[in-house]
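Each remark here refers to the structure printed beneath this line.
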Amino acid sequence: MLGWEFPPLFSGGLGVATYGMVKALRHSVDIKLIVPSNGGSASLSNVQIIGLNSITSRELSHEQMHFSLDELGAEVHRIPLSVSPYKHVNELFEKNKLDEWDLDVEEEKAVESIHKIFSDTDVYGYNVLRKVSLYTKLAEQIARQSEFDIVHAHDWITFAAGVRIKKNSGKPLILHVHSLETDRAGEHTRNAIYDLEKEAMMLADRIFSVSQYTKDQITKHYGIDSSKIHVVHNGIEPGDTPRKAHQLRDKLVVFLGRLTHQKGPEFLLETAEKVARVFPRVKFVVAGTGDQFGHVLETTAYKKMGGKFIFAGFLSKAKVDELLSMADVYFMPSVSEPFGITALEAAQHHVPSVLSSQSGAAEVMKASLKADFWDTDKYANYIYALLKYRALNHELTENAKAELDALTWDHTAQKIWNVYQQLVFRN
Amino acid sequence: MPSICFYFQVHQPFRLKHYDCFKIGHDHSYEDEPKNREILDRVSTKCYLAANRTLLNLIKKHRGKFRISYSVSGTALEQMEKYRPDVLRSFQDLAETGCVEFLSETYYHSLSFLYSRTEFVRQIGKHKEKIEELFHQSPTIFRNTELIYNNEIANFVSNLGYKGIICEGLDHILGFRSANFLYHPPRNKGIISLLKNYKLSDDIAFRFSNKAWKEWPLTASKFAHWAHQVAGNGECINLFMDYETFGEHQWPETGIFDFLTHLPGELLKHPDFNFKTPSEVIESYQPRGEYDVHALSSWADIERDLSAWLGNSLQHDAMERIYSLEKKVKEANDPTLLDTWARLLTSDHFYYMSTKYWNDGDVHKYFSHYNTPYDAYINFMNVVTDLEHVLEVRSEEKELAAIKELA
């Protein structure tokens with residue numbers, strides 16, 4: 001299995017999903033998981049986790065290593081670190097090709113350099129393409145020396161590795177789509193990452209999508225045959241969190257996520273303005289930052305809405321939990337959200353959700369209020385109702401909790417296992 | 001001599017328009033008139049007119065031997081008066097044959113018995129006046145909304161002077177007894193309970209077009225054969241159903257009208273069988289025992305209880321909110337305002353909020369024009385919030401006027 005984010009290092013839902021899935025799957029499958037960084041905190045029986053940040057030379061075979069020290073050295077073209085890992089990935093790709101990172105080095109130093117590159121706490125960062133390139137080569141090496149029946153790769157950062165391993169080994173390839181370039185950069189995007197995703201998906205034996213919504217996106221924007229795409233919804237670790245009272249006299253509407261176009265910050269602003277008009281005692285708490293932050297801040301000031309917003313910046317998991325335990329409404333107006341595990345986390349905190357219909361969470365949580373991502377009148381009406389009518393709040397959170405009980409990782413693992421079996425016994 | 005007793009329910013609510021939070025305080029008209037008109041038009045064409053024509057012909061053909069009854073809600077009658085006088089006329093034609101009885105119910109097809117006895121009585125009175133005005137007969141048999149029933153309701157209605165009440169025939173109450181006899185509530189012989197034969201009723205209303213049903217296709221002669229088996233072991237077979245069974249729930253293509261056309265003839269082939277209306281049934285037969293119902297029952301869903309209207313916290317909240325306005329609305333002493341409020345008591349508004357079976361997307365969804373029960377609740381509550389606002393303004397105006405008078 002080829003993964004990217006993994007505890008303790010993750011910036012989004014991918015790490016949570018990979019961990020939950022592997023944890024449930026290991027009871028029926030032997031897994032060798034290759035990730036850029038293994039912090040060591042996550043050890044799971046029956047799972048061999050290889051973190052490239054601590055890989056040994058034994059794990060790499062001598063004769064097939066061709067790395068260039070020059071490339072691994074300090075001579076990296078540094079691009080100013082932006083808060084959004086995704087945006088400059090696009091820029092990077094336009095300037096470079098994967099092949100330019102074909103490396104050739106002596107063993108000892110290579111291993112040291114590899115550790116250094118993958119010890120970065122930001123699994124994306126300015127040099128993400130370099131990591132991807134190296135990851136691809138290393139994963140390929142490791143695979144050459146391993147016995148396995150199936151390659152299972154998560155998101156574009158590992159797709160190239162998956163394709164190479166399939167080509168070398170002839171084993172079936174499953175690509176697991178947690179997010180698409182068309183989600184992150186807009187549906188009309190056709191860049192190098194898009195091309196990589198498309199080519200890999202054409203070659204793949206099977207594709208797992210985290211939602212029906214994402215499956216539809218894959219067929220619509222990438223022209224992939226829908227018969228090889230299986231919808232495998234994410235699960236959620238069971239949990240029940242007590243509510244906390246807050247000192248504010250205003251009701252709290254919480255927005256969690258990167259402030260990028262994908263997450264719909266302009267619709268957040270428009271909705272907030274409309275809600276405040278009919279329900280003045282409200283505050284919108286924005287947790288997260290991103291390339292749209294300045295724009296959002298300026299707009300709130302211009303519209304004299306500053307008093308209605310609290311900008312909390314990027315929050316740790318513990319802080320997010322605390323915030324959710326005080327929230328009255330969770331609001332996710334994403335333009336395109338493959339899954340949106342945060343809506344499920346909000347439900348665990350007994351917080352009702354107003355969600356974009358263009359999301360995977362909307363299809364698994366019937367007990368939520370949904371509107372098209374641009375329909376700010378409808379969002380506002382829903383938020384107003386949740387703030388005003390307590391029975392609605394109660395009914396939604398109770399029903400959502402019941403739905404969460406069915407969304408287990410074991411259930412997800414069962415679906416995955418069924419497809420594994422089809423692929424293995426087909427051969 | 002067993003009697004077949006038909007009662008058909010006719011009802012249309014005043015459906016609400018899309019009413020979001022931005023309209024509160026600004027827009028005081030709540031109804032979706034185009035939609036109400038459109039639905040009445042559709043149901044009129046598919047069911048009311050077609051079925052009325054069929055039944056009128058049957059009554060004429062059988063020269064008084066074929067007899068039926070209806071309960072028509074006040075909200076349905078009002079909409080017919082407003083949008084489809086031709087449909088109302090066709091019901092009046094039926095009434096004029098002397099073979100058709102009209103029953104009493106709450107004008108607004110409400111659950112008012114549970115929340116306000118005053119309002120319950122007011123609505124029954126208003127409905128009675130309407131029936132007298134339109135059909136020139138005074139109802140003596142009561143049917144509560146959705147056949148909601150228990151001993152308390154029966155006794156209350158008995159005190160209002162009614163001789164009979166319509167209800168569901170519940171197996172767990174009847175035990176080994178049959179619904180095909182008359183009963184009375186415990187220690188009250190002043191009112192007769194007419195129990196629905198749910199098996200035979202549902203064979204027509206629900207199973208008629210079900211091809212997976214082993215009895216499909218159901219013919220008039222087969223049905224008559226089943227009914228005839230009651231001979232010697234029952235006095236009345238109460239076939240109670242929604243009128244929309246004919247043409248709307250069971251489409252014309254299923255052969256439902258053909259079935260209906262042949263049914264009276266087939267049933268009358270047995271020399272002992274006849275047709276009677278509910279009041280004729282209770283004149284003809286004696287009650288055979290007590291029908292003792294404590295918990296509230298209804299004819300809805302498999303549970304036969306109130307969970308379709310009061311099954312979740314949204315429904316309870318909405319119901320309590322709207323009834324909490326009764327005092328203020330009545331104090332305002334404005335007939336239009338009273339009517340606006342009372343239309344919001346119609347049971348359908350609460351039915352749309354049901355989350356029961358919602359996941360299976362079944363019959364409840366079929367009857368709702370909302371996408372989700374949450375939408376139904378939100379829309380209703382926004383309207384109630386506006387009505388509260390209107391009432392507040394009214395009372396402020398009154399106070400101001402009083403102050404001015406003092407000055």
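Residue names in the structure tokens use chain letters A, B, ... in the order shown, residue numbers from 1 in each chain, and ligand numbers from 1 in the order shown.
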Check: which chain A residues lie within 12 Å of chain B using only C-alpha atoms, as a VMD selection string
chain A and resid 274 to 279 352 354 364 to 371 376 to 399 403
Written selection (C-alpha atoms) as a tab-separated table (two decimals), in the first residue's frame:
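So the final result, stored in selection-v5.tsv, reads:
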chain	number	residue	atom	x	y	z
A	274	LYS	CA	-27.42	37.11	5.14
A	275	VAL	CA	-27.62	35.26	8.44
A	276	ALA	CA	-26.54	38.32	10.43
A	277	ARG	CA	-29.33	40.32	8.82
A	278	VAL	CA	-32.03	38.04	10.27
A	279	PHE	CA	-30.14	36.72	13.31
A	352	PRO	CA	-25.55	19.82	13.27
A	354	VAL	CA	-25.11	22.71	6.91
A	364	VAL	CA	-23.53	9.70	3.88
A	365	MET	CA	-25.17	12.08	6.36
A	366	LYS	CA	-28.84	12.28	5.52
A	367	ALA	CA	-29.30	14.03	8.84
A	368	SER	CA	-27.74	17.27	7.65
A	369	LEU	CA	-29.04	20.29	5.79
A	370	LYS	CA	-27.78	20.53	2.23
A	371	ALA	CA	-27.74	23.17	-0.46
A	376	THR	CA	-26.37	31.23	0.00
A	377	ASP	CA	-30.07	32.03	0.54
A	378	LYS	CA	-30.70	28.40	1.31
A	379	TYR	CA	-27.60	28.12	3.52
A	380	ALA	CA	-28.71	31.21	5.45
A	381	ASN	CA	-32.23	29.89	5.89
A	382	TYR	CA	-30.83	26.62	7.25
A	383	ILE	CA	-28.40	28.29	9.62
A	384	TYR	CA	-31.13	30.63	10.83
A	385	ALA	CA	-33.40	27.66	11.50
A	386	LEU	CA	-30.70	25.80	13.41
A	387	LEU	CA	-29.93	28.82	15.55
A	388	LYS	CA	-33.58	29.55	16.19
A	389	TYR	CA	-35.41	26.21	16.46
A	390	ARG	CA	-33.87	23.98	19.07
A	391	ALA	CA	-35.87	20.89	18.18
A	392	LEU	CA	-34.23	20.88	14.75
A	393	ASN	CA	-30.80	20.95	16.28
A	394	HIS	CA	-31.74	18.06	18.53
A	395	GLU	CA	-33.36	15.96	15.82
A	396	LEU	CA	-30.44	16.39	13.40
A	397	THR	CA	-27.72	15.59	15.89
A	398	GLU	CA	-29.54	12.54	17.23
A	399	ASN	CA	-30.14	11.18	13.74
A	403	GLU	CA	-25.84	7.33	11.02
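The protein and nucleic acid residues lying at most 9 Å from Val424 in chain A are A:Asp149, A:Ile150, A:Lys171, A:Pro172, A:Val419, A:Tyr420, A:Gln421, A:Asn427, with only C-alpha atoms considered and sequence neighbours fewer than 3 positions away removed.
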Near Tyr285 in chain B, counting only C-alpha atoms, which residues have an atom at most 9 Å away, once you skip same-chain residues fewer than 3 positions from it, shown as a PyMOL selection string?
chain B and resi 181-182+235-236+280-282+288
Among the residues A:Gly264, A:Val253, A:Asp205, A:Asp375, the one that comes closest to Ile310 in chain A [using only C-alpha atoms]
A:Val253
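CA of Gln414 in chain A is found 7.8 Å from CA of Leu25 in chain A.
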Write out as a list in words each polymer residue whose atoms come within 8 Å of range 330-334 of chain B, counting only C-alpha atoms; drop sequence neighbours fewer than 2 positions from it.
Glu326, Lys327, Lys328, Thr336, Leu337, Leu338, Leu391, Arg394 and Ser395 of chain B
Take the residues that were just selected and, keeping N, CA and C atoms, output them as a PDB file, in the first residue's frame.
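Resulting contents of again_17.pdb:
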ATOM      1  N   GLU B 326     -52.981  29.708  20.322  1.00  0.00           N
ATOM      2  CA  GLU B 326     -54.451  29.699  20.275  1.00  0.00           C
ATOM      3  C   GLU B 326     -55.087  30.890  21.015  1.00  0.00           C
ATOM      4  N   LYS B 327     -54.619  31.099  22.238  1.00  0.00           N
ATOM      5  CA  LYS B 327     -55.231  32.135  23.069  1.00  0.00           C
ATOM      6  C   LYS B 327     -55.109  33.516  22.407  1.00  0.00           C
ATOM      7  N   LYS B 328     -53.878  33.830  21.989  1.00  0.00           N
ATOM      8  CA  LYS B 328     -53.628  35.145  21.371  1.00  0.00           C
ATOM      9  C   LYS B 328     -54.434  35.313  20.086  1.00  0.00           C
ATOM     10  N   THR B 336     -60.190  36.231   9.857  1.00  0.00           N
ATOM     11  CA  THR B 336     -59.166  35.882   8.871  1.00  0.00           C
ATOM     12  C   THR B 336     -57.932  35.320   9.557  1.00  0.00           C
ATOM     13  N   LEU B 337     -57.542  35.989  10.628  1.00  0.00           N
ATOM     14  CA  LEU B 337     -56.369  35.547  11.379  1.00  0.00           C
ATOM     15  C   LEU B 337     -56.615  34.167  11.994  1.00  0.00           C
ATOM     16  N   LEU B 338     -57.821  33.983  12.499  1.00  0.00           N
ATOM     17  CA  LEU B 338     -58.196  32.698  13.101  1.00  0.00           C
ATOM     18  C   LEU B 338     -58.121  31.591  12.056  1.00  0.00           C
ATOM     19  N   LEU B 391     -49.034  38.607  15.456  1.00  0.00           N
ATOM     20  CA  LEU B 391     -49.826  38.685  16.690  1.00  0.00           C
ATOM     21  C   LEU B 391     -49.266  39.718  17.656  1.00  0.00           C
ATOM     22  N   ARG B 394     -50.229  43.100  16.461  1.00  0.00           N
ATOM     23  CA  ARG B 394     -51.646  43.330  16.775  1.00  0.00           C
ATOM     24  C   ARG B 394     -51.844  43.761  18.229  1.00  0.00           C
ATOM     25  N   SER B 395     -51.182  43.052  19.122  1.00  0.00           N
ATOM     26  CA  SER B 395     -51.416  43.365  20.532  1.00  0.00           C
ATOM     27  C   SER B 395     -50.808  44.715  20.890  1.00  0.00           C
TER      28      SER B 395
END
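Here the question is which of B:Thr340, B:Asn57, B:Ser71, B:Gln286 gets nearest to Leu325 in chain B using only C-alpha atoms, and that residue is B:Thr340.
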Students should find that CA of Arg130 in chain A and CA of Glu197 in chain A are spaced 17.5 Å
Near Tyr7 in chain B, counting only C-alpha atoms, which residues have an atom at most 9 Å away, once you skip same-chain residues fewer than 5 positions from it, shown as a PyMOL selection string?
chain B and resi 68-71+101+103+238-243+277-278
Please provide the set of residues having any atom within 12 Å of Tyr135 in chain A, restricted to only C-alpha atoms, with same-chain residues fewer than 3 positions apart removed, written as number ranges by chain.
A: 2-4, 34-37, 50-53, 55, 98, 101-103, 114-115, 117-118, 123, 128-132, 138-143, 157-162, 164
Strand (DSSP E or B) call set, DSSP backbone run, range 223-252 of chain B, as a VMD selection string
chain B and resid 236 to 242 246 250
I'd like the contact shell of Tyr183 in chain B - 8 Å cut-off, only C-alpha atoms, skipping same-chain residues fewer than 5 positions apart - returned as a VMD selection string.
chain B and resid 192 to 194 287 to 291
Nearest residue to Ser201 in chain B from the set B:Gly175, B:Gly234, B:Gly169, B:Gly161 (distances using only C-alpha atoms):
B:Gly169
Using DSSP secondary structure from the backbone, list all helix (DSSP H, G or I) positions within range 277-392 of chain B, as a VMD selection string.
chain B and resid 278 to 284 307 to 310 313 to 323 326 to 332 335 to 343 347 to 351 358 to 360 363 to 366 373 to 392
